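K.L.:
mmCIF, C-alpha atoms, saved as model-v1.cif, coming up:
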```
data_model
loop_
_atom_site.group_PDB
_atom_site.id
_atom_site.type_symbol
_atom_site.label_atom_id
_atom_site.label_comp_id
_atom_site.auth_asym_id
_atom_site.auth_seq_id
_atom_site.Cartn_x
_atom_site.Cartn_y
_atom_site.Cartn_z
ATOM 1 C CA MET A 10 135.875 79.944 91.907
ATOM 2 C CA THR A 11 132.566 78.616 90.597
ATOM 3 C CA MET A 12 129.912 80.813 89.037
ATOM 4 C CA LEU A 13 127.724 80.218 92.087
ATOM 5 C CA SER A 14 130.436 81.384 94.480
ATOM 6 C CA ASN A 15 131.007 84.414 92.230
ATOM 7 C CA ILE A 16 127.291 85.258 92.288
ATOM 8 C CA ARG A 17 127.245 84.974 96.083
ATOM 9 C CA MET A 18 130.316 87.196 96.357
ATOM 10 C CA LEU A 19 128.779 89.756 93.995
ATOM 11 C CA THR A 20 125.504 89.984 95.931
ATOM 12 C CA HIS A 21 127.600 90.512 99.080
ATOM 13 C CA TYR A 22 129.573 93.196 97.222
ATOM 14 C CA LYS A 23 126.360 94.933 96.093
ATOM 15 C CA ALA A 24 125.030 95.025 99.658
ATOM 16 C CA TRP A 25 128.328 96.474 100.912
ATOM 17 C CA ALA A 26 128.583 99.087 98.142
ATOM 18 C CA ASP A 27 124.939 100.166 98.425
ATOM 19 C CA ASP A 28 125.277 100.539 102.193
ATOM 20 C CA LYS A 29 128.440 102.582 101.743
ATOM 21 C CA MET A 30 126.664 104.851 99.223
ATOM 22 C CA PHE A 31 123.677 105.395 101.520
ATOM 23 C CA SER A 32 126.057 106.137 104.382
ATOM 24 C CA MET A 33 127.769 108.812 102.277
ATOM 25 C CA LEU A 34 124.432 110.399 101.346
ATOM 26 C CA ASN A 35 123.373 110.336 104.985
ATOM 27 C CA ALA A 36 126.434 112.453 105.844
ATOM 28 C CA LEU A 37 125.467 115.123 103.280
ATOM 29 C CA PRO A 38 123.036 117.962 103.852
ATOM 30 C CA GLU A 39 119.581 116.860 102.693
ATOM 31 C CA GLU A 40 119.400 119.740 100.207
ATOM 32 C CA GLU A 41 122.464 118.339 98.373
ATOM 33 C CA VAL A 42 120.983 114.842 98.235
ATOM 34 C CA LEU A 43 117.724 116.187 96.792
ATOM 35 C CA ARG A 44 119.154 119.052 94.692
ATOM 36 C CA PRO A 45 117.922 118.803 91.094
ATOM 37 C CA ARG A 46 120.769 117.877 88.752
ATOM 38 C CA LEU A 47 121.166 117.231 85.045
ATOM 39 C CA THR A 48 120.822 113.479 85.260
ATOM 40 C CA ARG A 49 118.226 110.924 84.223
ATOM 41 C CA PHE A 50 116.591 110.592 87.644
ATOM 42 C CA GLY A 51 116.958 114.186 88.796
ATOM 43 C CA ASN A 52 118.863 113.797 92.062
ATOM 44 C CA MET A 53 120.951 111.412 94.131
ATOM 45 C CA LEU A 54 118.141 109.865 96.140
ATOM 46 C CA HIS A 55 115.766 109.332 93.216
ATOM 47 C CA THR A 56 118.616 107.599 91.364
ATOM 48 C CA LEU A 57 119.024 105.132 94.231
ATOM 49 C CA ASN A 58 115.245 104.728 94.333
ATOM 50 C CA HIS A 59 115.423 103.598 90.697
ATOM 51 C CA VAL A 60 117.986 100.950 91.695
ATOM 52 C CA TYR A 61 115.616 99.726 94.395
ATOM 53 C CA VAL A 62 112.675 99.546 91.970
ATOM 54 C CA ILE A 63 114.678 97.488 89.469
ATOM 55 C CA ASP A 64 115.912 95.218 92.278
ATOM 56 C CA ASP A 65 112.293 94.681 93.324
ATOM 57 C CA ILE A 66 111.156 93.974 89.764
ATOM 58 C CA PHE A 67 113.867 91.357 89.278
ATOM 59 C CA ARG A 68 113.124 89.838 92.681
ATOM 60 C CA ALA A 69 109.567 89.282 91.449
ATOM 61 C CA HIS A 70 110.884 87.745 88.222
ATOM 62 C CA LEU A 71 113.193 85.407 90.149
ATOM 63 C CA GLN A 72 110.280 84.313 92.336
ATOM 64 C CA GLY A 73 107.981 83.779 89.346
ATOM 65 C CA GLN A 74 105.643 86.484 90.625
ATOM 66 C CA SER A 75 104.130 89.584 89.098
ATOM 67 C CA HIS A 76 104.847 93.099 90.306
ATOM 68 C CA GLU A 77 102.832 96.304 90.315
ATOM 69 C CA TYR A 78 105.377 98.622 88.679
ATOM 70 C CA GLN A 79 104.371 100.481 85.539
ATOM 71 C CA ASP A 80 107.617 102.429 85.266
ATOM 72 C CA ARG A 81 111.283 102.008 86.158
ATOM 73 C CA ASN A 82 110.938 104.396 89.094
ATOM 74 C CA THR A 83 108.227 105.708 91.372
ATOM 75 C CA ALA A 84 106.636 109.147 91.069
ATOM 76 C CA THR A 85 107.783 110.089 94.561
ATOM 77 C CA THR A 86 110.903 109.122 96.464
ATOM 78 C CA PRO A 87 110.840 107.835 100.017
ATOM 79 C CA PRO A 88 112.952 109.656 102.611
ATOM 80 C CA LEU A 89 116.619 108.642 102.733
ATOM 81 C CA GLN A 90 116.373 106.545 105.907
ATOM 82 C CA GLU A 91 113.321 104.673 104.632
ATOM 83 C CA LEU A 92 114.924 103.911 101.268
ATOM 84 C CA TRP A 93 118.188 102.884 102.955
ATOM 85 C CA HIS A 94 116.298 100.455 105.194
ATOM 86 C CA ALA A 95 114.322 99.033 102.248
ATOM 87 C CA SER A 96 117.520 98.682 100.206
ATOM 88 C CA THR A 97 119.251 96.881 103.069
ATOM 89 C CA GLN A 98 116.358 94.429 103.323
ATOM 90 C CA MET A 99 116.348 93.946 99.536
ATOM 91 C CA ASN A 100 120.073 93.228 99.486
ATOM 92 C CA GLN A 101 119.643 90.725 102.305
ATOM 93 C CA TRP A 102 116.911 89.011 100.287
ATOM 94 C CA TYR A 103 119.308 88.634 97.339
ATOM 95 C CA ARG A 104 122.079 87.292 99.579
ATOM 96 C CA ASP A 105 119.688 84.797 101.185
ATOM 97 C CA PHE A 106 118.309 83.815 97.767
ATOM 98 C CA THR A 107 121.764 82.996 96.428
ATOM 99 C CA LYS A 108 122.565 80.868 99.504
ATOM 100 C CA GLU A 109 119.813 78.457 98.482
ATOM 101 C CA LEU A 110 120.800 78.194 94.806
ATOM 102 C CA THR A 111 122.642 75.372 93.099
ATOM 103 C CA GLU A 112 124.780 75.616 89.969
ATOM 104 C CA ASP A 113 121.854 74.121 88.018
ATOM 105 C CA ASP A 114 119.494 76.785 89.386
ATOM 106 C CA LEU A 115 121.682 79.469 87.817
ATOM 107 C CA GLU A 116 120.858 78.122 84.348
ATOM 108 C CA ARG A 117 117.082 78.124 84.894
ATOM 109 C CA VAL A 118 115.466 80.353 82.261
ATOM 110 C CA ILE A 119 112.844 82.795 83.480
ATOM 111 C CA HIS A 120 110.294 84.397 81.170
ATOM 112 C CA PHE A 121 108.985 87.871 81.983
ATOM 113 C CA ASN A 122 107.561 91.043 80.450
ATOM 114 C CA PHE A 123 109.632 94.194 80.211
ATOM 115 C CA ILE A 124 108.139 97.335 81.760
ATOM 116 C CA GLY A 125 108.545 99.148 78.455
ATOM 117 C CA GLY A 126 106.748 96.327 76.653
ATOM 118 C CA GLY A 127 107.751 93.080 75.094
ATOM 119 C CA GLU A 128 108.644 89.663 76.331
ATOM 120 C CA GLY A 129 112.009 88.717 77.710
ATOM 121 C CA HIS A 130 113.789 85.730 79.074
ATOM 122 C CA MET A 131 117.001 85.449 81.028
ATOM 123 C CA SER A 132 118.656 82.799 83.110
ATOM 124 C CA CYS A 133 118.672 83.213 86.862
ATOM 125 C CA GLN A 134 122.411 83.860 86.605
ATOM 126 C CA GLU A 135 121.902 86.613 84.020
ATOM 127 C CA MET A 136 119.264 88.273 86.185
ATOM 128 C CA LEU A 137 121.509 88.267 89.240
ATOM 129 C CA LEU A 138 124.424 89.656 87.251
ATOM 130 C CA HIS A 139 122.115 92.349 85.878
ATOM 131 C CA VAL A 140 120.996 93.398 89.368
ATOM 132 C CA VAL A 141 124.607 93.744 90.551
ATOM 133 C CA ASN A 142 125.820 95.488 87.400
ATOM 134 C CA HIS A 143 122.818 97.820 87.219
ATOM 135 C CA ALA A 144 123.397 99.055 90.772
ATOM 136 C CA THR A 145 127.096 99.623 90.084
ATOM 137 C CA TYR A 146 126.232 101.680 87.015
ATOM 138 C CA HIS A 147 123.870 103.969 88.920
ATOM 139 C CA ARG A 148 126.111 104.317 91.966
ATOM 140 C CA GLY A 149 128.565 105.800 89.464
ATOM 141 C CA PHE A 150 126.006 108.471 88.575
ATOM 142 C CA VAL A 151 125.478 109.236 92.263
ATOM 143 C CA GLY A 152 129.247 109.485 92.707
ATOM 144 C CA ASP A 153 129.361 112.006 89.873
ATOM 145 C CA MET A 154 126.592 114.042 91.534
ATOM 146 C CA MET A 155 128.632 114.002 94.739
ATOM 147 C CA TYR A 156 131.560 115.521 92.829
ATOM 148 C CA GLN A 157 129.142 118.203 91.596
ATOM 149 C CA ALA A 158 128.326 118.858 95.262
ATOM 150 C CA LYS A 159 132.086 119.288 95.914
ATOM 151 C CA VAL A 160 132.220 116.035 97.908
ATOM 152 C CA MET A 161 134.795 113.306 97.334
ATOM 153 C CA PRO A 162 132.899 109.991 97.394
ATOM 154 C CA GLN A 163 134.476 106.958 98.999
ATOM 155 C CA SER A 164 135.327 104.126 96.658
ATOM 156 C CA THR A 165 132.708 101.430 96.201
ATOM 157 C CA ASP A 166 134.842 99.510 93.704
ATOM 158 C CA LEU A 167 134.903 95.729 93.699
ATOM 159 C CA THR A 168 138.668 95.795 94.276
ATOM 160 C CA VAL A 169 138.182 97.739 97.514
ATOM 161 C CA PHE A 170 135.491 95.284 98.629
ATOM 162 C CA VAL A 171 137.802 92.348 97.934
ATOM 163 C CA ARG A 172 140.652 93.984 99.849
ATOM 164 C CA ASP A 173 138.653 95.379 102.783
ATOM 165 C CA VAL A 174 135.902 92.807 103.210
ATOM 166 C CA LEU A 175 136.696 89.478 101.580
ATOM 167 C CA ARG A 176 140.419 89.374 102.320
ATOM 168 C CA ALA A 177 140.009 90.953 105.766
ATOM 169 C CA CYS A 178 138.054 87.923 107.074
#
```
As structure tokens, how would this structure be written, given the file I've shared?

P.N.:
Amino acid sequence: MTMLSNIRMLTHYKAWADDKMFSMLNALPEEEVLRPRLTRFGNMLHTLNHVYVIDDIFRAHLQGQSHEYQDRNTATTPPLQELWHASTQMNQWYRDFTKELTEDDLERVIHFNFIGGGEGHMSCQEMLLHVVNHATYHRGFVGDMMYQAKVMPQSTDLTVFVRDVLRAC
């Protein structure tokens, strides 16, 4: 499997796992989704909002555009359905973006400024891997908050995606 085919598979995986996570939150009472918890972003929904913000920031980087974000999250969180829809569209953008890439495109170095200050540079491949890995990391926090709410989250592991989605085709 080439790096490009891996990147395409991973953006498909991210879309699947994010959708599964939003579906689980949608099945919970709203008060559980928004209940303040001892976690960096305060509750389940605001944690997923952070993932969306970072996805949007890196989309701008990949397009060579600026963005308006001054922080790694927004002051307010959109309602669940609105964020789910925006996340779905964002994940589709990443999947479409990777369809147009070549192996050489993955090595293209992109210069950007970090939100917290300072200059950075990453290859397109590194940025895409970051977006996938970052979302996985924070879905883990949401899964932990679901356990706190006495709910058993469904697995969003890559192995389950490979078994249920990739190998099921």

K.L.:
List every residue of range 130-166 of chain A that has an atom at most 8 Å from any atom of range 28-35 of chain A, and for each one report the closest atom pair and its distance in Å to one decimal, counting all atoms listed in the file, with rows sorted by chain and then by increasing residue number, as a tab-separated table.

P.N.:
```
residue	atom	partner	partner_atom	distance
A:Arg148	CA	A:Met30	CA	7.3
A:Pro162	CA	A:Met33	CA	7.2
A:Gln163	CA	A:Met33	CA	7.7
A:Thr165	CA	A:Lys29	CA	7.1
```

K.L.:
Which residues, written as a list in words, have at least one atom at most 10 Å from range 83-95 of chain A, with all atoms listed in the file counted and residues fewer than 5 positions away on the same chain left out?

P.N.:
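Skipping anything fewer than 5 positions along the chain leaves Asp27, Asp28, Met30, Phe31, Ser32, Leu34, Asn35, Glu39, Val42, Leu43, Leu54, His55, Thr56, Leu57, Asn58, His59, Tyr61, Val62, Tyr78, Asn100 and Gln101 of chain A.
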
K.L.:
Using the chain letters and residue numbers of this document, give as a list in words the residues selected by the PyMOL selection byres ((chain A and resi 18) around 12).

P.N.:
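After applying the PyMOL selection byres ((chain A and resi 18) around 12), what remains is Met10, Thr11, Met12, Leu13, Ser14, Asn15, Ile16, Arg17, Leu19, Thr20, His21, Tyr22, Lys23, Ala24, Trp25, Tyr103, Arg104, Asp105, Thr107, Lys108, Leu137, Leu138, Val141, Leu167, Phe170, Val171, Val174, Leu175 and Arg176 of chain A.
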
K.L.:
Figure out the distance between CA of Met155 in chain A and CA of Met136 in chain A, please, to one decimal in Å.

P.N.:
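These two atoms are separated by 28.7 Å.
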
K.L.:
Pick from A:Leu37, A:Met53, A:Ile63, A:Val160: nearest to Val140 in chain A, with all atoms listed in the file counted?

P.N.:
A:Ile63

K.L.:
Sorted by chain and rising residue number, list the residues of range 30-112 of chain A at most 8 Å from range 116-127 of chain A (counting all atoms listed in the file), each with its closest atom pair and distance in Å to one decimal, as a tab-separated table.

P.N.:
```
residue	atom	partner	partner_atom	distance
A:His70	CA	A:Phe121	CA	6.5
A:Leu71	CA	A:Ile119	CA	7.2
A:Gly73	CA	A:Ile119	CA	7.7
A:Tyr78	CA	A:Ile124	CA	7.6
A:Gln79	CA	A:Ile124	CA	6.2
A:Asp80	CA	A:Ile124	CA	6.2
A:Arg81	CA	A:Ile124	CA	7.1
A:Glu112	CA	A:Glu116	CA	7.3
```

K.L.:
When you draw a straight line from CA of Ser132 in chain A to CA of Leu115 in chain A, how long is it in Å?

P.N.:
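Separation between CA of Ser132 in chain A and CA of Leu115 in chain A: 6.5 Å.
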
K.L.:
I'd like the interatomic distance between CA of Asp173 in chain A and CA of Val60 in chain A, to a tenth of an Å.

P.N.:
24.1 Å

K.L.:
When distances are computed from only C-alpha atoms, which of A:Ile66, A:Asn82, A:Leu47, A:Thr111 shows the smallest separation from Met99 in chain A?

P.N.:
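The answer is A:Ile66, which sits nearest to Met99 in chain A.
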
K.L.:
Between A:His76, A:Ala26, A:Trp102, A:Thr97, single out the one closest to Thr145 in chain A, counting all atoms listed in the file.

P.N.:
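When distances to Thr145 in chain A are compared using all atoms listed in the file, the smallest one comes from A:Ala26.
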
K.L.:
If you take every atom of range 29-32 of chain A that the file lists and fit an axis-aligned box around them with 8 Å extra on each side, what centre and edge lengths come out in Å to one decimal, as lines of an AutoDock Vina configuration file?

P.N.:
```
center_x = 126.1
center_y = 104.4
center_z = 101.8
size_x = 20.8
size_y = 19.6
size_z = 21.2
```

K.L.:
From the set A:Glu77, A:Glu41, A:Asp114, A:Asp153, which residue has the shortest atom-to-atom contact distance to Gln134 in chain A, counting all atoms listed in the file?

P.N.:
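Looking at the shortest contact to Gln134 in chain A, the residue is A:Asp114.
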